[in-house]
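A.B. asks: Provided below: my_file_32.txt, containing compact mmCIF, C-alpha atoms and all ligand atoms.
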```txt
# COMPACT_ATOMS: atom_id res chain seq x y z
CA MET A 1 -0.14 136.34 102.12
CA THR A 2 -1.39 132.94 100.94
CA GLN A 3 0.43 131.09 98.23
CA LEU A 4 -0.88 131.93 94.75
CA ILE A 5 1.69 130.25 92.52
CA ARG A 6 3.32 126.93 93.33
CA THR A 7 6.29 125.49 91.40
CA ARG A 8 9.14 123.06 92.02
CA VAL A 9 11.18 126.11 93.05
CA THR A 10 8.75 127.13 95.81
CA ASP A 11 8.60 123.53 97.02
CA MET A 12 12.37 122.94 96.98
CA LEU A 13 13.25 126.28 98.59
CA LYS A 14 10.33 126.04 101.05
CA ILE A 15 9.06 129.52 100.16
CA ASP A 16 5.56 130.83 99.46
CA HIS A 17 6.25 132.80 96.29
CA PRO A 18 8.56 132.02 93.35
CA ILE A 19 10.67 135.13 93.87
CA VAL A 20 14.36 135.12 94.76
CA GLN A 21 16.49 138.13 95.65
CA GLY A 22 19.87 137.61 94.02
CA GLY A 23 23.03 138.04 96.07
CA MET A 24 24.19 141.65 95.71
CA MET A 25 27.55 142.88 96.97
CA TRP A 26 27.03 145.50 99.75
CA VAL A 27 23.25 145.54 99.17
CA ALA A 28 22.19 142.01 100.17
CA GLN A 29 22.63 142.60 103.90
CA PRO A 30 20.58 141.12 106.75
CA GLU A 31 17.78 143.76 106.69
CA LEU A 32 16.99 143.23 103.00
CA VAL A 33 17.55 139.46 103.06
CA ALA A 34 15.23 139.01 106.06
CA ALA A 35 12.59 141.28 104.53
CA VAL A 36 12.51 139.19 101.35
CA SER A 37 12.27 135.94 103.29
CA ASN A 38 9.62 137.39 105.60
CA GLY A 39 7.72 138.47 102.49
CA GLY A 40 7.56 134.86 101.33
CA GLY A 41 10.44 134.94 98.83
CA LEU A 42 14.03 133.82 99.27
CA GLY A 43 16.51 136.42 100.48
CA ILE A 44 20.14 135.72 99.64
CA MET A 45 23.04 137.48 101.36
CA ALA A 46 26.25 138.18 99.47
CA ALA A 47 28.99 136.45 101.47
CA LEU A 48 31.85 138.60 100.19
CA THR A 49 30.20 141.73 101.62
CA PHE A 50 31.12 140.70 105.15
CA GLY A 51 34.88 140.49 104.67
CA ASP A 52 35.66 137.14 106.25
CA ALA A 53 34.19 134.10 107.96
CA LYS A 54 33.60 135.94 111.25
CA GLY A 55 31.78 138.72 109.42
CA LEU A 56 29.58 136.22 107.59
CA GLU A 57 28.80 134.43 110.85
CA LYS A 58 27.68 137.72 112.41
CA ALA A 59 25.54 138.60 109.37
CA ILE A 60 23.84 135.19 109.54
CA ALA A 61 23.15 135.65 113.26
CA ARG A 62 21.69 139.11 112.61
CA THR A 63 19.48 137.79 109.80
CA ARG A 64 18.22 135.02 112.10
CA GLN A 65 17.18 137.68 114.61
CA LEU A 66 15.08 139.26 111.87
CA THR A 67 13.48 136.18 110.31
CA ASP A 68 12.77 132.53 111.05
CA ARG A 69 12.21 131.82 107.35
CA PRO A 70 14.81 130.19 105.08
CA PHE A 71 17.40 132.43 103.45
CA GLY A 72 20.46 131.74 101.34
CA VAL A 73 24.08 132.79 100.97
CA ASN A 74 25.67 133.81 97.65
CA LEU A 75 29.25 132.81 96.85
CA THR A 76 30.58 134.77 93.89
CA PHE A 77 33.69 133.31 92.29
CA LEU A 78 35.04 136.20 90.25
CA PRO A 79 38.59 137.30 89.57
CA THR A 80 39.47 139.67 92.42
CA LEU A 81 42.68 141.54 93.13
CA ILE A 82 42.87 140.07 96.63
CA PRO A 83 42.24 136.28 96.69
CA LYS A 84 39.26 135.24 98.82
CA ASP A 85 39.23 132.46 101.38
CA TYR A 86 36.18 130.61 100.06
CA GLY A 87 36.95 127.53 102.17
CA SER A 88 36.38 129.34 105.44
CA LEU A 89 33.16 130.96 104.14
CA ILE A 90 31.88 127.50 103.17
CA ASP A 91 32.78 126.19 106.64
CA VAL A 92 30.49 128.88 108.09
CA ILE A 93 27.69 128.10 105.61
CA VAL A 94 27.88 124.39 106.50
CA GLY A 95 28.32 124.97 110.21
CA GLU A 96 25.33 127.29 110.34
CA GLY A 97 23.13 124.89 108.36
CA ILE A 98 22.32 127.42 105.63
CA PRO A 99 19.71 125.69 103.43
CA VAL A 100 20.45 127.37 100.07
CA VAL A 101 23.68 128.52 98.44
CA GLU A 102 23.69 130.63 95.29
CA THR A 103 26.96 130.22 93.39
CA ALA A 104 27.95 132.57 90.59
CA GLY A 105 30.84 133.80 88.53
CA GLN A 106 32.62 130.54 87.79
CA ASN A 107 32.09 126.80 87.75
CA PRO A 108 31.40 125.88 91.41
CA GLU A 109 32.68 122.30 90.96
CA PRO A 110 35.80 122.63 93.15
CA TRP A 111 33.58 123.63 96.10
CA LEU A 112 30.40 121.71 95.39
CA ASP A 113 31.04 118.60 97.48
CA ARG A 114 31.89 120.66 100.54
CA ILE A 115 28.81 122.86 100.14
CA LYS A 116 26.48 119.92 99.55
CA ALA A 117 27.95 117.89 102.40
CA GLY A 118 26.21 120.39 104.68
CA GLY A 119 22.88 119.60 103.04
CA ALA A 120 22.41 122.91 101.21
CA LEU A 121 20.63 123.12 97.87
CA VAL A 122 22.78 124.82 95.27
CA ILE A 123 21.35 127.39 92.87
CA HIS A 124 24.00 128.06 90.26
CA LYS A 125 23.55 131.40 88.50
CA CYS A 126 25.08 131.58 85.04
CA THR A 127 24.73 133.42 81.76
CA ALA A 128 25.08 130.72 79.09
CA ILE A 129 23.26 127.47 78.27
CA ARG A 130 26.55 125.53 78.08
CA HIS A 131 27.37 126.62 81.63
CA ALA A 132 23.85 125.77 82.81
CA LYS A 133 24.15 122.24 81.40
CA LYS A 134 27.55 121.79 82.98
CA ALA A 135 26.19 122.98 86.34
CA GLU A 136 23.32 120.52 86.12
CA SER A 137 25.71 117.68 85.22
CA ILE A 138 27.86 118.26 88.31
CA GLY A 139 24.85 118.22 90.64
CA CYS A 140 23.54 121.76 91.04
CA ASP A 141 19.90 121.62 92.10
CA ILE A 142 18.45 124.70 90.42
CA ILE A 143 19.80 126.91 87.63
CA SER A 144 19.30 130.65 87.68
CA ILE A 145 19.87 131.92 84.16
CA ASP A 146 20.93 135.56 83.97
CA GLY A 147 20.08 137.34 80.70
CA PHE A 148 21.97 140.17 79.02
CA GLU A 149 19.60 142.73 80.62
CA CYS A 150 20.85 141.94 84.11
CA ALA A 151 22.75 144.13 86.52
CA GLY A 152 26.32 143.14 87.22
CA HIS A 153 27.97 140.45 85.12
CA PRO A 154 25.96 139.32 82.07
CA GLY A 155 28.83 137.25 80.60
CA GLU A 156 30.24 137.73 77.13
CA ASP A 157 27.55 136.21 74.87
CA ASP A 158 24.91 138.98 75.00
CA VAL A 159 21.84 136.72 74.90
CA THR A 160 18.69 138.09 76.53
CA SER A 161 16.38 136.43 79.04
CA LEU A 162 13.70 136.01 76.38
CA ILE A 163 15.98 133.51 74.63
CA LEU A 164 17.96 132.03 77.53
CA THR A 165 14.96 131.19 79.72
CA PRO A 166 13.08 128.88 77.30
CA LEU A 167 16.33 127.32 76.11
CA ALA A 168 17.35 126.53 79.68
CA ALA A 169 13.87 125.25 80.53
CA SER A 170 13.81 122.89 77.58
CA GLN A 171 17.40 121.65 77.85
CA LEU A 172 17.60 121.09 81.61
CA THR A 173 15.82 118.70 83.91
CA VAL A 174 16.34 120.74 87.07
CA PRO A 175 14.12 123.78 87.63
CA VAL A 176 15.10 127.11 86.10
CA ILE A 177 14.88 130.55 87.67
CA ALA A 178 14.74 133.40 85.14
CA SER A 179 17.00 136.30 86.08
CA GLY A 180 17.77 139.65 84.51
CA GLY A 181 15.10 142.11 83.45
CA PHE A 182 12.38 141.13 85.93
CA ALA A 183 10.73 143.75 88.10
CA ASP A 184 6.97 143.08 88.30
CA GLY A 185 4.15 140.57 87.90
CA ARG A 186 4.16 140.87 84.12
CA GLY A 187 7.74 139.66 84.16
CA LEU A 188 6.90 136.82 86.54
CA ALA A 189 3.98 135.66 84.38
CA ALA A 190 6.19 135.88 81.29
CA ALA A 191 8.98 133.91 82.97
CA LEU A 192 6.52 131.15 83.90
CA ALA A 193 5.22 131.12 80.33
CA LEU A 194 8.81 130.72 79.10
CA GLY A 195 9.24 127.64 81.26
CA ALA A 196 10.92 129.10 84.33
CA GLU A 197 9.65 128.19 87.79
CA GLY A 198 10.58 131.44 89.47
CA ILE A 199 12.30 134.77 88.98
CA ASN A 200 15.40 136.31 90.47
CA MET A 201 15.47 140.09 90.94
CA GLY A 202 18.38 142.32 91.86
CA THR A 203 17.88 145.90 90.66
CA ARG A 204 14.20 145.95 91.71
CA PHE A 205 15.05 144.95 95.30
CA MET A 206 17.66 147.74 95.56
CA ALA A 207 14.85 150.30 95.38
CA THR A 208 12.85 149.11 98.39
CA ALA A 209 12.31 150.52 101.86
CA GLU A 210 14.49 147.83 103.51
CA SER A 211 17.37 148.03 101.05
CA PRO A 212 20.35 149.31 103.07
CA ILE A 213 21.53 151.89 100.54
CA HIS A 214 21.52 155.69 100.65
CA PRO A 215 18.11 157.29 99.91
CA ALA A 216 19.69 159.41 97.15
CA VAL A 217 20.63 156.21 95.29
CA LYS A 218 17.12 154.80 95.66
CA GLN A 219 15.68 158.05 94.34
CA LYS A 220 18.11 157.96 91.41
CA LEU A 221 16.94 154.42 90.56
CA VAL A 222 13.36 155.69 90.39
CA GLU A 223 14.44 158.47 88.01
CA MET A 224 16.64 156.34 85.74
CA ASN A 225 15.27 154.89 82.55
CA GLU A 226 16.12 151.69 80.71
CA THR A 227 18.68 153.37 78.46
CA GLU A 228 20.89 154.55 81.31
CA THR A 229 23.05 151.47 81.78
CA ILE A 230 26.38 150.75 80.10
CA LEU A 231 28.59 147.69 79.67
CA LEU A 232 32.12 148.10 81.04
CA LEU A 233 35.22 145.90 81.30
CA ARG A 234 34.54 143.92 78.14
CA SER A 235 38.19 144.60 77.30
CA LEU A 236 39.08 142.44 80.33
CA ARG A 237 36.48 139.78 79.43
CA ASN A 238 34.77 140.58 82.72
CA THR A 239 31.82 142.55 81.37
CA GLU A 240 29.72 144.41 83.89
CA ARG A 241 26.46 146.33 83.40
CA VAL A 242 26.36 149.47 85.54
CA TRP A 243 24.60 152.82 85.73
CA ARG A 244 25.99 155.17 83.05
CA ASN A 245 27.22 157.96 85.36
CA THR A 246 30.14 160.22 84.41
CA LEU A 247 32.64 157.84 86.02
CA ALA A 248 31.30 154.91 83.96
CA GLU A 249 31.64 156.96 80.78
CA ARG A 250 35.21 157.78 81.73
CA VAL A 251 36.04 154.10 82.30
CA ALA A 252 34.47 153.24 78.92
CA SER A 253 36.56 155.85 77.18
CA MET A 254 39.75 154.66 78.92
CA GLU A 255 38.96 151.13 77.76
CA ARG A 256 38.53 152.36 74.18
CA GLU A 257 41.98 153.93 74.47
CA GLY A 258 43.47 150.62 75.58
CA ALA A 259 43.77 151.12 79.35
CA GLY A 260 44.55 147.92 81.28
CA ILE A 261 43.56 146.75 84.74
CA GLU A 262 46.34 148.79 86.42
CA GLN A 263 44.92 152.06 85.13
CA LEU A 264 41.28 151.06 85.59
CA ALA A 265 41.55 149.52 89.07
CA PRO A 266 41.58 152.80 91.05
CA LEU A 267 38.35 153.88 89.34
CA ILE A 268 36.41 150.61 89.38
CA SER A 269 37.31 149.53 92.92
CA GLY A 270 34.60 148.13 95.14
CA LYS A 271 35.48 150.70 97.80
CA ASN A 272 34.35 153.50 95.46
CA GLY A 273 31.14 151.60 94.75
CA LEU A 274 30.54 151.28 98.48
CA ARG A 275 30.93 155.06 98.88
CA LEU A 276 28.29 155.60 96.22
CA LEU A 277 25.90 153.17 97.89
CA SER A 278 26.40 154.17 101.50
CA GLU A 279 27.13 157.92 101.25
CA GLY A 280 24.91 158.65 98.27
CA GLU A 281 27.83 160.22 96.37
CA LEU A 282 26.50 159.40 92.94
CA GLU A 283 29.77 159.95 91.07
CA ALA A 284 32.05 158.25 93.61
CA GLY A 285 31.94 154.79 92.05
CA LEU A 286 30.25 152.29 89.76
CA LEU A 287 26.74 151.01 90.52
CA PRO A 288 25.57 147.70 89.03
CA VAL A 289 22.13 148.36 87.52
CA GLY A 290 20.06 146.29 85.09
CA GLN A 291 17.85 147.48 82.26
CA SER A 292 14.91 146.56 84.52
CA VAL A 293 15.56 149.91 86.20
CA GLY A 294 13.28 151.35 83.51
CA LEU A 295 10.39 149.50 85.17
CA ILE A 296 10.99 151.00 88.62
CA SER A 297 8.87 153.97 89.64
CA ASP A 298 8.60 153.71 93.43
CA ILE A 299 10.32 152.55 96.62
CA PRO A 300 7.89 150.07 98.22
CA ALA A 301 8.35 147.90 101.29
CA VAL A 302 9.67 144.49 100.24
CA ALA A 303 6.53 142.61 101.38
CA GLU A 304 4.37 144.96 99.32
CA LEU A 305 6.59 144.49 96.28
CA ILE A 306 6.48 140.70 96.52
CA GLY A 307 2.74 140.73 97.21
CA ARG A 308 1.85 142.88 94.24
CA THR A 309 4.23 140.98 91.94
CA VAL A 310 2.61 137.59 92.61
CA THR A 311 -0.89 139.10 92.65
CA GLN A 312 -0.34 140.73 89.27
CA ALA A 313 1.17 137.56 87.79
CA HIS A 314 -1.71 135.49 89.15
CA GLU A 315 -4.27 137.91 87.73
CA LEU A 316 -2.60 137.79 84.34
CA LEU A 317 -2.44 134.00 84.30
CA ALA A 318 -5.89 133.39 85.77
CA THR A 319 -7.96 136.09 84.13
CA ARG A 320 -6.43 138.35 81.54
CA LEU A 321 -4.58 135.82 79.42
CA PRO A 322 -7.44 133.25 79.42
CA SER A 323 -9.78 136.07 78.37
CA LEU A 324 -7.77 136.41 75.17
CA LEU A 325 -8.47 132.86 74.10
CA ALA A 326 -10.80 132.76 71.08
C1 LIG A 401 24.18 146.32 93.26
C2 LIG A 401 24.25 144.92 92.72
C3 LIG A 401 25.26 144.08 93.16
C4 LIG A 401 25.33 142.77 92.68
N1 LIG A 401 26.32 141.95 93.17
C5 LIG A 401 26.30 140.63 92.82
C6 LIG A 401 27.23 139.73 93.42
O1 LIG A 401 28.05 140.11 94.25
N2 LIG A 401 27.17 138.43 93.05
C7 LIG A 401 26.24 137.96 92.13
O2 LIG A 401 26.21 136.77 91.86
N3 LIG A 401 25.37 138.80 91.55
C8 LIG A 401 25.38 140.12 91.87
N4 LIG A 401 24.44 140.96 91.32
C9 LIG A 401 23.47 140.42 90.33
C10 LIG A 401 22.13 140.04 90.98
O3 LIG A 401 22.28 139.06 91.96
C11 LIG A 401 21.13 139.53 89.91
O4 LIG A 401 21.66 138.39 89.28
C12 LIG A 401 20.81 140.58 88.88
O5 LIG A 401 20.66 141.83 89.48
C13 LIG A 401 19.54 140.21 88.12
O6 LIG A 401 19.21 141.17 87.17
P1 LIG A 401 18.22 142.41 87.47
O7 LIG A 401 19.06 143.42 88.12
O8 LIG A 401 17.73 142.81 86.13
O9 LIG A 401 17.13 141.92 88.37
C14 LIG A 401 24.37 142.30 91.74
C15 LIG A 401 23.35 143.15 91.31
C16 LIG A 401 23.28 144.45 91.79
C17 LIG A 401 22.15 145.33 91.32
```
If you convert what's in this file into structure tokens, what do you get?

C.D. replies:
Amino acid sequence: MTQLIRTRVTDMLKIDHPIVQGGMMWVAQPELVAAVSNGGGLGIMAALTFGDAKGLEKAIARTRQLTDRPFGVNLTFLPTLIPKDYGSLIDVIVGEGIPVVETAGQNPEPWLDRIKAGGALVIHKCTAIRHAKKAESIGCDIISIDGFECAGHPGEDDVTSLILTPLAASQLTVPVIASGGFADGRGLAAALALGAEGINMGTRFMATAESPIHPAVKQKLVEMNETETILLLRSLRNTERVWRNTLAERVASMEREGAGIEQLAPLISGKNGLRLLSEGELEAGLLPVGQSVGLISDIPAVAELIGRTVTQAHELLATRLPSLLA
């Protein structure tokens, strides 16, 4: 599909459409990543999904069999029970000549020189303007700003994309990608109006034909509405937005009763989440889901989703909105 919307983000990332698929643990695997890149967006694989450097190398090789377009790798720096060997993952990213790295979770400064030495552009994804400014000052190339609506970790400030996006756009010099709450062309047009130069979507890409998750989970995403997410782990200052299944409600109630990480860990473990995603056992674990799930009503192929998102945004910007001018 020809390019309809051109921004600094499309130029810098060498993509046709200003749509990025955020790194998603277990979900952002080669099939989905390649489908997004083939559709003209930027697919980003979640490095921690593949266990270690060898696993990441294999996933990159597999993705390259599926696409010759650029794709990125996400490095999430979050507190984990088992420390991760980020150095060896970065060696793979550099050695493989990966053009874009999405960092998230914490300040990427300790790793930035090593990542950039390989020539990669760094998109830092964060949830607060002060973190965005810091990331710009240390040399990140693009800032993805994740609003309170987002799936996964929205931070502790609870500020929505409608506020964060224009603030980031006006206070930063580098381009901004709006993230959290975006699922269609209306969202893309709105993000551009707010000053962003692209959108990042997570939840919406989970419910696509190429997403490597169990069909029962995709179907559940179609059925869920925007009120069915819940914030957990605020008591640990590691807030996470997930689907409000029975397990999530149990974790919330344990937190209210003062449970600590030792009691919560067996319930919130990533292994349980993987069982939910891969076996379709909907109560086995926690599932990161954003409020944008309320906007999802089908399971399209990724290329169709990207195509209709940019077409709808273009139509809004070119025809419908100008028609409102008095
Ligand atoms: C299942 C799932 C897993 C995710 N895992 C990660 C992750 O490992 N690292 C990360 O930076 N973001 C992660 N995210 C967040 C997304 O990359 C993205 O920032 C977020 O989904 C945007 O909000 P949206 O869901 O409203 O589109 C995850 C999101 C989902 C839905």

A.B. asks: Grab me every residue within 9 Å of ligand LIG 401 (chain A), counting only C-alpha atoms and all ligand atoms, and send it over as a ChimeraX atom specification.

C.D. replies: /A:21-28,44,46-49,74-78,102-105,125-126,144-154,178-183,199-206,242,273,277,287-293

A.B. asks: Work out how far atom CA of A:Leu247 is from atom CA of A:Gly285, in Å to one decimal.

C.D. replies: 6.8 Å

A.B. asks: Residues within 12 Å of (11.1, 156.1, 92.3), file coordinates, counting all atoms listed in the file: what are they? Give the list as a list in words.

C.D. replies: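 Protein, DNA and RNA residues close to (11.1, 156.1, 92.3): Arg204, Met206, Ala207, Thr208, Ala209, Pro215, Ala216, Val217, Lys218, Gln219, Lys220, Leu221, Val222, Glu223, Met224, Asn225, Val293, Gly294, Leu295, Ile296, Ser297, Asp298, Ile299 and Pro300 of chain A.
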
A.B. asks: Atom CA of A:Met12 and atom CA of A:Asp85, how far apart in Å?

C.D. replies: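 Separation between atom CA of A:Asp85 and atom CA of A:Met12: 28.8 Å.
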
A.B. asks: Take atom CA of A:Thr309 and atom CA of A:Ile163 and report the distance between them in Å, one decimal.

C.D. replies: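 These atoms are spaced 22.2 Å apart.
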
A.B. asks: Distance cut-off 7 Å, centre (24.2, 131.9, 77.1) in file coordinates, counting only C-alpha atoms: which residues qualify? Return them as a list in words.

C.D. replies: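 The distance filter leaves exactly Thr127, Ala128, Ile129, Arg130, Asp157, Val159 and Leu164 of chain A.
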
A.B. asks: May I ask which of the residues A:Gly155, A:Pro110, A:Gly198, A:Gly119 is the closest one to A:Ala169, counting all atoms listed in the file?

C.D. replies: A:Gly198

A.B. asks: May I ask which of the residues A:Arg250, A:Lys84, A:Arg320, A:His314 is the closest one to A:Leu267, counting all atoms listed in the file?

C.D. replies: A:Arg250
